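**Student:** As input, take final.txt (compact mmCIF, C-alpha atoms):
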```txt
# COMPACT_ATOMS: atom_id res chain seq x y z
CA MET A 30 4.75 2.85 15.21
CA SER A 31 5.13 3.48 11.48
CA SER A 32 3.70 0.90 9.09
CA VAL A 33 4.96 -0.45 5.78
CA CYS A 34 3.07 -2.66 3.37
CA ALA A 35 5.34 -4.90 1.28
CA VAL A 36 3.93 -6.37 -1.93
CA GLY A 37 5.52 -9.06 -4.05
CA LEU A 38 7.26 -12.39 -3.95
CA ALA A 39 7.41 -14.80 -1.02
CA VAL A 40 9.57 -17.90 -1.52
CA ALA A 41 10.71 -21.06 0.21
CA ASP A 42 14.52 -21.00 -0.07
CA LEU A 43 16.64 -24.13 0.11
CA VAL A 44 19.94 -22.56 1.17
CA LEU A 45 23.07 -24.67 0.68
CA GLY A 46 26.52 -23.65 1.89
CA ALA A 47 29.52 -24.60 -0.25
CA ASP A 48 33.19 -23.73 -0.40
CA ARG A 49 32.89 -22.71 -4.05
CA LEU A 50 30.46 -22.75 -6.97
CA PRO A 51 30.32 -25.95 -9.03
CA THR A 52 32.24 -25.68 -12.31
CA GLY A 53 30.44 -28.41 -14.23
CA PRO A 54 28.02 -31.33 -14.06
CA GLY A 55 28.32 -34.08 -11.52
CA LYS A 56 27.60 -34.69 -7.87
CA HIS A 57 28.46 -31.92 -5.43
CA PHE A 58 28.23 -31.77 -1.64
CA ALA A 59 27.14 -28.89 0.60
CA ARG A 60 28.62 -28.14 4.01
CA SER A 61 25.25 -26.88 5.31
CA GLY A 62 21.59 -26.79 4.33
CA ARG A 63 18.39 -25.11 5.53
CA LEU A 64 14.86 -24.58 4.25
CA VAL A 65 13.81 -21.02 5.07
CA GLY A 66 11.45 -18.28 4.00
CA GLY A 67 12.69 -15.77 1.41
CA GLY A 68 11.64 -13.48 -1.43
CA PRO A 69 12.46 -9.78 -1.95
CA ALA A 70 9.22 -8.24 -0.67
CA ALA A 71 8.74 -10.86 2.04
CA ASN A 72 12.26 -10.24 3.36
CA ALA A 73 11.61 -6.50 3.22
CA ALA A 74 8.53 -7.04 5.40
CA VAL A 75 10.53 -9.06 7.93
CA THR A 76 13.15 -6.30 7.93
CA VAL A 77 10.47 -3.74 8.83
CA ALA A 78 9.29 -5.94 11.70
CA ARG A 79 12.81 -6.57 13.02
CA LEU A 80 13.51 -2.82 12.91
CA GLY A 81 10.46 -2.02 15.01
CA GLY A 82 7.92 -1.10 12.37
CA ALA A 83 4.45 -2.51 11.73
CA ALA A 84 4.94 -4.86 8.76
CA ARG A 85 2.18 -5.96 6.40
CA PHE A 86 2.75 -8.35 3.54
CA VAL A 87 0.64 -8.93 0.44
CA GLY A 88 1.60 -11.85 -1.77
CA ARG A 89 0.48 -15.20 -3.10
CA VAL A 90 1.48 -18.80 -2.44
CA GLY A 91 0.19 -22.18 -3.57
CA ASP A 92 -1.96 -24.57 -1.58
CA ASP A 93 0.95 -26.84 -0.70
CA PRO A 94 3.27 -27.49 2.28
CA LEU A 95 5.74 -24.86 1.09
CA GLY A 96 2.97 -22.26 1.06
CA ARG A 97 2.09 -23.08 4.64
CA LEU A 98 5.77 -22.86 5.60
CA ILE A 99 6.08 -19.43 3.93
CA ILE A 100 3.02 -18.01 5.69
CA GLY A 101 3.93 -19.52 9.05
CA ASP A 102 7.44 -18.13 8.92
CA LEU A 103 6.16 -14.61 8.22
CA ILE A 104 3.66 -14.83 11.07
CA GLY A 105 6.45 -16.01 13.35
CA GLU A 106 8.42 -12.89 12.45
CA GLY A 107 5.53 -10.64 13.47
CA VAL A 108 4.41 -9.79 9.94
CA ASP A 109 0.70 -9.21 9.31
CA THR A 110 -0.27 -11.72 6.59
CA ASP A 111 -3.99 -10.92 6.35
CA GLY A 112 -3.39 -9.69 2.80
CA MET A 113 -1.87 -12.97 1.59
CA GLU A 114 -3.76 -15.17 -0.86
CA THR A 115 -3.52 -18.94 -1.39
CA VAL A 116 -4.06 -20.09 -4.97
CA ALA A 117 -5.51 -23.58 -5.44
CA GLY A 118 -3.75 -26.01 -7.75
CA VAL A 119 -0.55 -24.00 -8.04
CA GLY A 120 2.85 -24.68 -6.45
CA SER A 121 4.47 -22.10 -4.20
CA PRO A 122 7.58 -20.20 -5.31
CA VAL A 123 10.83 -22.01 -4.50
CA SER A 124 14.53 -21.19 -4.86
CA ALA A 125 17.75 -23.13 -4.64
CA VAL A 126 20.36 -20.82 -3.12
CA LEU A 127 24.07 -21.63 -3.09
CA VAL A 128 26.16 -19.54 -0.69
CA THR A 129 29.94 -19.78 -1.00
CA ALA A 130 32.58 -19.49 1.70
CA ASP A 131 33.31 -15.84 0.81
CA GLY A 132 29.66 -14.84 1.34
CA GLU A 133 28.54 -14.57 -2.30
CA ARG A 134 25.44 -16.36 -3.56
CA THR A 135 23.82 -17.86 -6.64
CA ILE A 136 20.02 -18.20 -6.81
CA ILE A 137 17.85 -20.32 -9.09
CA ASN A 138 14.15 -19.53 -8.65
CA HIS A 139 10.94 -21.00 -9.98
CA THR A 140 7.68 -19.10 -9.63
CA ASP A 141 4.52 -20.26 -11.39
CA ALA A 142 3.25 -17.36 -13.51
CA ARG A 143 -0.33 -18.24 -12.56
CA LEU A 144 0.29 -16.88 -9.07
CA HIS A 145 0.87 -13.36 -10.33
CA ASP A 146 -1.27 -12.90 -13.44
CA ASP A 147 -3.53 -10.22 -11.92
CA PRO A 148 -3.37 -7.56 -9.18
CA PRO A 149 -4.03 -8.23 -5.49
CA ASP A 150 -7.61 -8.26 -4.27
CA ARG A 151 -6.88 -5.50 -1.76
CA LEU A 152 -4.05 -3.54 -0.20
CA PRO A 153 -4.09 -2.46 3.46
CA ALA A 154 -3.44 1.14 4.43
CA ALA A 155 0.16 1.95 5.42
CA ASP A 156 2.58 4.82 5.99
CA ALA A 157 4.72 3.58 3.07
CA TYR A 158 4.69 0.83 0.46
CA VAL A 159 7.52 -1.24 -0.98
CA ALA A 160 7.14 -3.65 -3.89
CA ASP A 161 9.36 -5.88 -5.97
CA VAL A 162 8.94 -6.36 -9.73
CA ARG A 163 8.51 -10.14 -9.62
CA TRP A 164 4.75 -9.48 -9.35
CA PRO A 165 4.26 -6.72 -11.95
CA ALA A 166 0.54 -6.24 -11.31
CA GLY A 167 1.18 -6.18 -7.57
CA ALA A 168 3.91 -3.57 -7.96
CA GLU A 169 1.66 -1.39 -10.10
CA ALA A 170 -1.14 -1.64 -7.53
CA ALA A 171 1.20 -0.86 -4.62
CA MET A 172 2.71 2.20 -6.26
CA ALA A 173 -0.74 3.47 -7.24
CA ALA A 174 -1.98 2.97 -3.66
CA ALA A 175 1.00 4.91 -2.29
CA ARG A 176 0.43 7.76 -4.73
CA ASP A 177 -3.32 7.89 -4.00
CA ARG A 178 -2.68 7.97 -0.24
CA GLY A 179 0.13 10.52 -0.47
CA VAL A 180 2.80 8.30 1.09
CA ALA A 181 6.12 6.92 -0.11
CA GLY A 182 6.02 4.17 -2.73
CA VAL A 183 9.38 2.39 -3.01
CA LEU A 184 9.97 0.18 -6.03
CA ASP A 185 12.63 -2.52 -5.76
CA LEU A 186 13.85 -2.71 -9.36
CA ASP A 187 15.85 -5.91 -9.76
CA ARG A 188 16.36 -8.55 -12.42
CA THR A 189 13.25 -10.45 -13.45
CA ASP A 190 12.37 -13.14 -15.97
CA GLY A 191 9.27 -11.24 -17.05
CA ARG A 192 8.27 -7.73 -18.01
CA VAL A 193 9.40 -4.69 -16.06
CA PRO A 194 6.31 -2.68 -15.10
CA GLU A 195 7.04 0.79 -16.50
CA THR A 196 3.76 2.06 -15.05
CA ALA A 197 5.02 1.10 -11.58
CA ILE A 198 8.32 2.87 -12.25
CA SER A 199 6.52 6.04 -13.27
CA ALA A 200 4.06 5.87 -10.36
CA ALA A 201 6.69 5.27 -7.64
CA SER A 202 7.95 8.10 -5.47
CA HIS A 203 11.30 6.31 -5.00
CA VAL A 204 12.97 3.73 -7.25
CA VAL A 205 15.96 1.80 -5.94
CA ALA A 206 17.55 -0.41 -8.60
CA ALA A 207 20.24 -3.05 -8.42
CA ILE A 208 22.84 -2.23 -11.05
CA GLU A 209 22.48 -5.76 -12.45
CA ALA A 210 18.93 -4.88 -13.50
CA LEU A 211 19.96 -1.92 -15.64
CA GLY A 212 22.15 -3.56 -18.28
CA THR A 213 25.37 -1.70 -17.56
CA LYS A 214 28.29 -1.94 -15.15
CA ASP A 215 28.70 1.85 -15.04
CA PRO A 216 26.69 3.05 -12.01
CA GLU A 217 26.52 6.70 -13.07
CA ARG A 218 25.25 5.72 -16.51
CA ALA A 219 22.73 3.38 -14.88
CA LEU A 220 21.55 6.20 -12.62
CA ALA A 221 21.17 8.62 -15.53
CA GLU A 222 19.25 6.09 -17.61
CA LEU A 223 16.96 5.33 -14.69
CA ALA A 224 16.29 9.04 -14.15
CA ASP A 225 15.22 9.30 -17.80
CA ARG A 226 12.47 6.77 -17.12
CA THR A 227 10.82 8.43 -14.13
CA ALA A 228 10.42 11.64 -12.16
CA ALA A 229 10.86 9.67 -8.93
CA TRP A 230 13.85 9.94 -6.59
CA VAL A 231 16.21 7.33 -8.01
CA ALA A 232 19.11 5.33 -6.58
CA VAL A 233 21.31 2.48 -7.75
CA THR A 234 22.83 -0.06 -5.37
CA VAL A 235 26.25 -1.44 -6.29
CA GLY A 236 26.86 -4.19 -3.76
CA ALA A 237 30.11 -3.69 -1.86
CA ASP A 238 30.48 -0.23 -3.43
CA GLY A 239 27.35 1.05 -1.72
CA ALA A 240 24.73 3.26 -3.38
CA LEU A 241 24.40 6.29 -5.63
CA TRP A 242 21.45 8.64 -6.01
CA LEU A 243 20.57 11.93 -7.64
CA ASP A 244 20.02 15.11 -5.62
CA ALA A 245 18.99 18.09 -7.75
CA GLY A 246 20.78 16.50 -10.68
CA GLU A 247 23.99 15.87 -8.77
CA VAL A 248 25.30 12.37 -8.17
CA CYS A 249 25.68 11.48 -4.48
CA ARG A 250 27.66 8.44 -3.37
CA LEU A 251 27.53 6.54 -0.12
CA ALA A 252 30.12 3.89 0.65
CA PRO A 253 28.96 1.17 3.04
CA PRO A 254 30.54 0.72 6.48
CA ALA A 255 33.58 -1.52 6.60
CA VAL A 256 32.39 -4.90 7.89
CA ASP A 257 33.52 -8.51 7.76
CA VAL A 258 31.27 -10.03 5.11
CA VAL A 259 29.92 -13.49 5.91
CA ASP A 260 26.85 -13.76 3.66
CA THR A 261 25.33 -11.27 1.20
CA LEU A 262 22.08 -13.22 0.72
CA GLY A 263 19.12 -10.90 1.29
CA ALA A 264 21.19 -7.72 1.71
CA GLY A 265 19.31 -5.93 -1.08
CA ASP A 266 15.95 -6.93 0.40
CA VAL A 267 17.06 -5.56 3.78
CA PHE A 268 18.08 -2.29 2.13
CA HIS A 269 14.63 -1.85 0.58
CA GLY A 270 12.72 -2.70 3.74
CA ALA A 271 14.85 -0.42 5.90
CA PHE A 272 14.65 2.39 3.33
CA ALA A 273 10.85 2.19 3.18
CA LEU A 274 10.56 2.18 6.98
CA ALA A 275 12.87 5.18 7.31
CA LEU A 276 10.71 7.10 4.81
CA ALA A 277 7.57 6.07 6.71
CA GLU A 278 9.17 7.44 9.87
CA GLY A 279 9.73 10.80 8.19
CA ARG A 280 13.40 10.71 7.16
CA GLU A 281 14.48 12.44 3.98
CA ALA A 282 15.60 10.12 1.18
CA ALA A 283 19.35 10.60 1.71
CA ALA A 284 19.07 9.89 5.44
CA ALA A 285 16.86 6.89 4.68
CA ALA A 286 19.51 5.59 2.26
CA ARG A 287 22.17 5.88 4.95
CA PHE A 288 20.00 3.97 7.43
CA ALA A 289 19.28 1.31 4.81
CA THR A 290 22.97 0.99 3.93
CA ALA A 291 23.81 0.38 7.57
CA ALA A 292 21.05 -2.23 7.84
CA ALA A 293 22.31 -4.08 4.76
CA ALA A 294 25.88 -3.96 6.06
CA VAL A 295 24.91 -5.51 9.39
CA LYS A 296 23.02 -8.24 7.54
CA CYS A 297 26.17 -9.10 5.55
CA THR A 298 28.04 -9.89 8.77
CA ARG A 299 25.60 -12.69 9.60
CA PRO A 300 24.86 -16.03 7.95
CA GLY A 301 21.50 -16.73 6.40
CA GLY A 302 19.24 -14.49 4.34
CA ARG A 303 16.27 -13.89 6.60
CA ALA A 304 18.09 -15.23 9.65
CA GLY A 305 20.68 -12.48 9.35
CA ILE A 306 18.26 -9.54 9.24
CA PRO A 307 19.32 -7.14 12.01
CA THR A 308 17.47 -5.48 14.85
CA ARG A 309 17.05 -1.73 15.27
CA ALA A 310 19.72 -1.51 17.96
CA ASP A 311 22.26 -3.18 15.66
CA VAL A 312 21.58 -0.73 12.84
CA ASP A 313 21.47 2.38 15.01
CA GLU A 314 24.82 1.45 16.57
CA LEU A 315 26.57 0.90 13.22
CA GLU A 316 25.03 4.04 11.69
CA ALA A 317 26.11 6.19 14.64
CA ARG A 318 29.61 4.67 14.69
CA THR A 319 30.10 5.15 10.93
CA TRP A 320 28.57 8.57 10.22
CA ALA A 321 28.47 10.34 13.60
```
What is this file in structure tokens?
**Tutor:**
Amino acid sequence: MSSVCAVGLAVADLVLGADRLPTGPGKHFARSGRLVGGGPAANAAVTVARLGGAARFVGRVGDDPLGRLIIGDLIGEGVDTDGMETVAGVGSPVSAVLVTADGERTIINHTDARLHDDPPDRLPAADAYVADVRWPAGAEAAMAAARDRGVAGVLDLDRTDGRVPETAISAASHVVAAIEALGTKDPERALAELADRTAAWVAVTVGADGALWLDAGEVCRLAPPAVDVVDTLGAGDVFHGAFALALAEGREAAAAARFATAAAAVKCTRPGGRAGIPTRADVDELEARTWA
């Protein structure tokens, strides 16, 4: 069984379902509501576990009820949380997530900067590493550990309210960026600008339009399978977790991107962020049916 260590943010998500986004102040009513575990790296770890890999998660939470919920949910998903740290006197990360009837979502997150002001105490050995940029020092440590151990280091480059760790970008073996994080709506321009920042294999995800990456300087495009979209929450996190696991299992980057695209597509057919993460059989079936 291949192992992946995910490093980064773990969150308690209050997910509210609504017919549409509010257009102004006032009182609004949701048609559903759930408190669940979330966070880019934490969801990536759950994805690895659901897909049959050995998942390890390194992150930090506060010493509060939400922190206990976050850790307990990961343990319940079969994720090894021995690398997690609890920080006294600090609240755990929390997000309010609004999911509309057409499957799109809006997220408002609060994470206390004191949780992530220094690198993790230790990182377990793994066959691949994946890290988000919400914990810059954690991402830098994860990519350095991957490089030192000669395994894949996948950096999830998404929007952040803090600094983007350029040292992590340069140390990663693979960088997968959401186009929203790159300041342009032109995916080929985004890909070229990302390639100028690192010698790593680089890809850009473009939501419903799939993903693009560079192969020997040539732009490759992969459209996602046609599915009935119910909820896009967590689809990017699923992509990164599945991509890292596929690399850990020995797939080349392009084949790993195809596997990850299928995993994200299956997730979009199911409600809930973490709840909708697919199993290996689901992904293998869609991948075989789409690209056989």
**Student:** Got a sec to check which residues sit within 7 Å of (21.0, -6.9, 8.1), counting all atoms listed in the file, and write them as a list in words?
**Tutor:**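 These residues have at least one counted atom within 7 Å: Ala264, Val267, Ala292, Ala293, Ala294, Val295, Lys296, Cys297, Gly305, Ile306 and Pro307 of chain A.
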**Student:** Tell me, counting only C-alpha atoms, for each residue of stretch 63-147 of chain A within 12 Å of stretch 152-170 of chain A, which pair of atoms is nearest and how far apart they are in Å to one decimal, in rows ordered by chain and increasing number, as CSV.
**Tutor:**
```
residue,atom,partner,partner_atom,distance
A:Gly68,CA,A:Asp161,CA,9.1
A:Pro69,CA,A:Asp161,CA,6.4
A:Ala70,CA,A:Asp161,CA,5.8
A:Ala71,CA,A:Asp161,CA,9.5
A:Asn72,CA,A:Asp161,CA,10.7
A:Ala73,CA,A:Val159,CA,7.9
A:Ala74,CA,A:Val159,CA,8.7
A:Thr76,CA,A:Val159,CA,11.7
A:Val77,CA,A:Val159,CA,10.5
A:Gly82,CA,A:Asp156,CA,10.2
A:Ala83,CA,A:Ala155,CA,8.8
A:Ala84,CA,A:Ala155,CA,9.0
A:Arg85,CA,A:Pro153,CA,7.8
A:Phe86,CA,A:Pro153,CA,9.0
A:Val87,CA,A:Leu152,CA,7.2
A:Gly88,CA,A:Gly167,CA,8.1
A:Arg89,CA,A:Trp164,CA,9.5
A:Asp109,CA,A:Pro153,CA,10.1
A:Thr110,CA,A:Pro153,CA,10.5
A:Asp111,CA,A:Pro153,CA,8.9
A:Gly112,CA,A:Leu152,CA,6.9
A:Met113,CA,A:Leu152,CA,9.8
A:Glu114,CA,A:Leu152,CA,11.7
A:Pro122,CA,A:Arg163,CA,11.0
A:Asn138,CA,A:Arg163,CA,11.0
A:His139,CA,A:Arg163,CA,11.1
A:Thr140,CA,A:Arg163,CA,9.0
A:Asp141,CA,A:Trp164,CA,11.0
A:Ala142,CA,A:Trp164,CA,9.0
A:Arg143,CA,A:Trp164,CA,10.6
A:Leu144,CA,A:Trp164,CA,8.6
A:His145,CA,A:Trp164,CA,5.6
A:Asp146,CA,A:Ala166,CA,7.2
A:Asp147,CA,A:Ala166,CA,5.7
```
**Student:** How many Å separate atom CA of A:Leu95 from atom CA of A:Arg79?
**Tutor:**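 Atom CA of A:Leu95 sits 23.0 Å away from atom CA of A:Arg79.
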**Student:** Have a look at A:Ala221, A:Thr135, A:Arg226, A:Val259 and name the one nearest to A:Glu247; count only C-alpha atoms.
**Tutor:**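 Closest candidate: A:Ala221.
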**Student:** For atom CA of A:Thr298 and atom CA of A:Ala181, quote the distance in Å rounded to one decimal.
**Tutor:**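 Going from atom CA of A:Thr298 over to atom CA of A:Ala181, I get 29.0 Å.
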